[in-house]
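As structure tokens, the structure follows; a few thoughts come after it.
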Amino acid sequence: MAEPTITTARTVQDAALWIEALLRQFPELLTELAPGRPSPAAAPARRAPSPEAAERIRAERRDALLVEKRHGLTAPGYSAAPLRLHVSDAVRDITDGVVELDEAVHDKLGLGRPRHARVPQRLARIAALLGEVAAHPALAAHVRDESRRMARRCARVLGDSESVVRVRGRCPWCDSVSLRAFPARRAVLCVNPACRCDAAECDCRTDPAYRHVWREGEWEALAGAAGSDRAEIDASMDETADARPGPARRTNAPKRASRRDRA
């Protein structure tokens with residue numbers, strides 16, 4: 001088996017991080033599938049729904065049954081409470097995406113059709129095969145892109161936000177004060193949309209939505225080139241730290257704030 005290139009190794013590392021995020025988030029998404037009902041003491045007097053509302057409730061119940069039938073998913077505590085369709089759509093999309101990704105990985109690696117399993121088990125199975133996926137750059141990129149897409153959709157539905165910390169200094173490539181630390185990914189990105197590096201293997205040269213990324217092994221060189229401090233970068237990766245004085249400031253940015261960064 002050919003040794004993976006540095007670029008492919010990073011792609012696989014990114015895929016592992018996104019799969020881990022999805023494994024953590026998907027069960028939370030299932031708990032959001034059906035809204036909780038208020039206590040009887042707090043509930044207002046029941047009124048007969050309008051014909052339009054009654055039809056909507058019937059459609060939502062049909063959708064809930066379809067989710068359970070197709071994917072073996074039952075909303076925890078499901079009852080006659082109306083299903084939230086945007087959550088149901090996300091569950092269905094992510095479930096289908098994980099099944100297709102599992103099948104694509106097994107097919108490319110010549111492992112035959114994968115056994116039926118729930119979403120978490122399939123994700124764990126894909127993660128366990130990443131070492132073999134690394135020998136196939138196109139497959140590795142597909143796994144990374146799909147796992148990232150699904151993790152981000154899951155996060156958007158859950159309303160999660162990602163910690164972002166400003167890094168002192170200027171980007172070595174575009175000379176703008178646009179360096180940001182993303183603790184959840186343990187990476188520093190240049191968030192300037194116009195930034196382009198001269199590395200042939202970096203997608204920021206060809207994809208306008210891509211953001212140049214510095215991994216942990218590159219932080220020392222980045223600090224020297226940007227006029228920053230390596231210790232400051234390390235400190236910015238502490239997601240539990242309180243806001244600190246000085247140039248590094250913590251903000252909460254929506255997942256979609258930088259559109260896409262392939263990190």
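Chain lettering (A, B, ...) mirrors the order of the structure tokens, residue numbering begins at 1 for each chain separately, and ligand numbering begins at 1 in order of display.
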Could you list, as a short mmCIF file (atom, residue, chain, number, x, y, z; two decimals) with N, CA, C and O atoms, in the first residue's frame, every residue within 9 Å of segment 100-117 of chain A, counting only C-alpha atoms and ignoring same-chain residues fewer than 3 positions away?
```cif
data_model
loop_
_atom_site.label_atom_id
_atom_site.label_comp_id
_atom_site.auth_asym_id
_atom_site.auth_seq_id
_atom_site.Cartn_x
_atom_site.Cartn_y
_atom_site.Cartn_z
N THR A 95 -28.65 10.71 8.09
CA THR A 95 -28.73 9.24 8.09
C THR A 95 -28.43 8.69 6.70
O THR A 95 -27.63 7.76 6.54
N ASP A 96 -29.09 9.25 5.69
CA ASP A 96 -28.83 8.80 4.32
C ASP A 96 -27.37 9.03 3.93
O ASP A 96 -26.74 8.19 3.28
N GLY A 97 -26.84 10.18 4.32
CA GLY A 97 -25.45 10.51 3.99
C GLY A 97 -24.46 9.55 4.61
O GLY A 97 -23.48 9.13 3.97
N PRO A 120 -24.47 5.88 14.58
CA PRO A 120 -23.22 5.91 15.36
C PRO A 120 -22.30 4.73 15.05
O PRO A 120 -21.08 4.90 14.97
N GLN A 121 -22.88 3.54 14.86
CA GLN A 121 -22.06 2.37 14.56
C GLN A 121 -21.41 2.50 13.18
O GLN A 121 -20.26 2.12 12.98
N ARG A 122 -22.15 3.04 12.23
CA ARG A 122 -21.57 3.23 10.89
C ARG A 122 -20.44 4.26 10.93
O ARG A 122 -19.40 4.08 10.29
N LEU A 123 -20.63 5.34 11.68
CA LEU A 123 -19.58 6.35 11.79
C LEU A 123 -18.33 5.77 12.43
O LEU A 123 -17.20 6.04 11.98
N ARG A 125 -17.43 2.74 12.33
CA ARG A 125 -16.86 1.81 11.36
C ARG A 125 -16.03 2.57 10.32
O ARG A 125 -14.94 2.14 9.94
N ILE A 126 -16.55 3.69 9.86
CA ILE A 126 -15.80 4.51 8.90
C ILE A 126 -14.52 5.02 9.54
O ILE A 126 -13.44 5.00 8.92
N LEU A 129 -11.70 2.67 9.58
CA LEU A 129 -11.12 2.35 8.27
C LEU A 129 -10.30 3.50 7.69
O LEU A 129 -9.78 3.39 6.57
N GLU A 132 -6.89 2.84 6.11
CA GLU A 132 -6.90 2.30 4.75
C GLU A 132 -7.38 3.33 3.74
O GLU A 132 -6.93 3.36 2.59
N VAL A 133 -8.28 4.20 4.17
CA VAL A 133 -8.79 5.27 3.28
C VAL A 133 -7.65 6.19 2.87
O VAL A 133 -7.65 6.74 1.76
N HIS A 136 -6.13 6.27 -0.58
CA HIS A 136 -6.96 6.69 -1.72
C HIS A 136 -7.32 8.16 -1.55
O HIS A 136 -8.32 8.49 -0.89
N LEU A 139 -10.95 9.31 -2.24
CA LEU A 139 -11.88 8.81 -1.24
C LEU A 139 -11.71 9.55 0.08
O LEU A 139 -12.70 9.90 0.74
N HIS A 142 -13.41 12.80 -0.14
CA HIS A 142 -14.87 12.62 -0.11
C HIS A 142 -15.36 12.38 1.31
O HIS A 142 -16.37 12.95 1.73
N VAL A 143 -14.65 11.53 2.05
CA VAL A 143 -15.04 11.27 3.44
C VAL A 143 -14.96 12.54 4.26
O VAL A 143 -15.86 12.84 5.05
N GLU A 146 -17.88 15.05 3.13
CA GLU A 146 -19.21 14.62 3.54
C GLU A 146 -19.38 14.67 5.05
O GLU A 146 -20.43 15.09 5.56
N SER A 147 -18.38 14.21 5.79
CA SER A 147 -18.49 14.24 7.25
C SER A 147 -18.54 15.67 7.76
O SER A 147 -19.28 15.99 8.69
#
```
As a ChimeraX atom specification, please: the residues near Ala187 of chain A (cut-off 7 Å, only C-alpha atoms, same-chain neighbours under 4 positions excluded).
/A:181-183,213-216
Please write the residues from the selection above to a file, keeping N, CA, C and O atoms, as a compact mmCIF listing (two decimals), in the first residue's frame.
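selection_2.txt written:
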```
# COMPACT_ATOMS: atom_id res chain seq x y z
N ALA A 181 -7.66 31.55 15.73
CA ALA A 181 -7.52 30.20 16.28
C ALA A 181 -8.90 29.59 16.47
O ALA A 181 -9.82 30.25 16.96
N PHE A 182 -9.03 28.33 16.07
CA PHE A 182 -10.27 27.57 16.23
C PHE A 182 -9.97 26.40 17.18
O PHE A 182 -9.49 25.35 16.75
N PRO A 183 -10.23 26.59 18.48
CA PRO A 183 -9.84 25.58 19.47
C PRO A 183 -10.43 24.20 19.22
O PRO A 183 -9.77 23.19 19.46
N VAL A 213 -4.81 26.84 6.34
CA VAL A 213 -4.83 26.28 7.69
C VAL A 213 -3.40 25.98 8.15
O VAL A 213 -2.59 25.47 7.39
N TRP A 214 -3.12 26.31 9.40
CA TRP A 214 -1.87 25.91 10.05
C TRP A 214 -2.20 24.93 11.16
O TRP A 214 -2.91 25.26 12.11
N ARG A 215 -1.67 23.71 11.05
CA ARG A 215 -1.85 22.70 12.09
C ARG A 215 -0.83 22.90 13.21
O ARG A 215 0.07 23.71 13.11
N GLU A 216 -0.96 22.11 14.25
CA GLU A 216 -0.16 22.32 15.45
C GLU A 216 1.34 22.27 15.18
O GLU A 216 2.11 23.04 15.75
```
One-decimal distance in Å that lies between atom CA of Tyr210 of chain A and atom CA of Ser178 of chain A
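About the pair atom CA of Ser178 of chain A and atom CA of Tyr210 of chain A: they are 14.2 Å apart.
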Would you pick out the contacts of segment 226-241 of chain A at 8 Å or less, using only C-alpha atoms, so that residues sharing its chain but fewer than 4 positions from it are not included, and give the list as a PyMOL selection string?
chain A and resi 163+165+167-172+181-184+186+219-220+222+248
Pairwise distance for atom CA of Arg144 of chain A and atom CA of Thr7 of chain A, rounded to one decimal in Å
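Taking atom CA of Arg144 of chain A and atom CA of Thr7 of chain A, their separation equals 12.4 Å.
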Do you know which residues are at most 10 Å from segment 200-202 of chain A counting only C-alpha atoms, after dropping those on the same chain fewer than 4 positions away, and could you put them as a list in words?
Ile6, Thr7, Thr8, Arg196, Thr206, Asp207, Tyr210, Arg211, His212 and Val213 of chain A
Filtering to C-alpha atoms, could you give me those residues as a PDB file, in the first residue's frame?
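Wrote result-v6.pdb, looks like this:
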```pdb
ATOM      1  CA  ILE A   6       1.238  14.857   3.639  1.00  0.00           C
ATOM      2  CA  THR A   7      -1.837  16.442   2.079  1.00  0.00           C
ATOM      3  CA  THR A   8      -3.815  13.186   2.189  1.00  0.00           C
ATOM      4  CA  ARG A 196      -3.875  32.868  -1.338  1.00  0.00           C
ATOM      5  CA  THR A 206      -8.255  27.116  -6.599  1.00  0.00           C
ATOM      6  CA  ASP A 207     -11.227  27.221  -4.219  1.00  0.00           C
ATOM      7  CA  TYR A 210     -11.125  27.534   1.221  1.00  0.00           C
ATOM      8  CA  ARG A 211      -9.114  29.031   4.100  1.00  0.00           C
ATOM      9  CA  HIS A 212      -5.414  28.403   4.589  1.00  0.00           C
ATOM     10  CA  VAL A 213      -4.828  26.281   7.692  1.00  0.00           C
TER      11      VAL A 213
END
```
Residues near Ala141 of chain A, cut-off 8 Å, only C-alpha atoms, skip fewer than 3 positions along chain, as JSON, numbers by chain:
{"A": [8, 11, 12, 137, 138, 144, 145]}
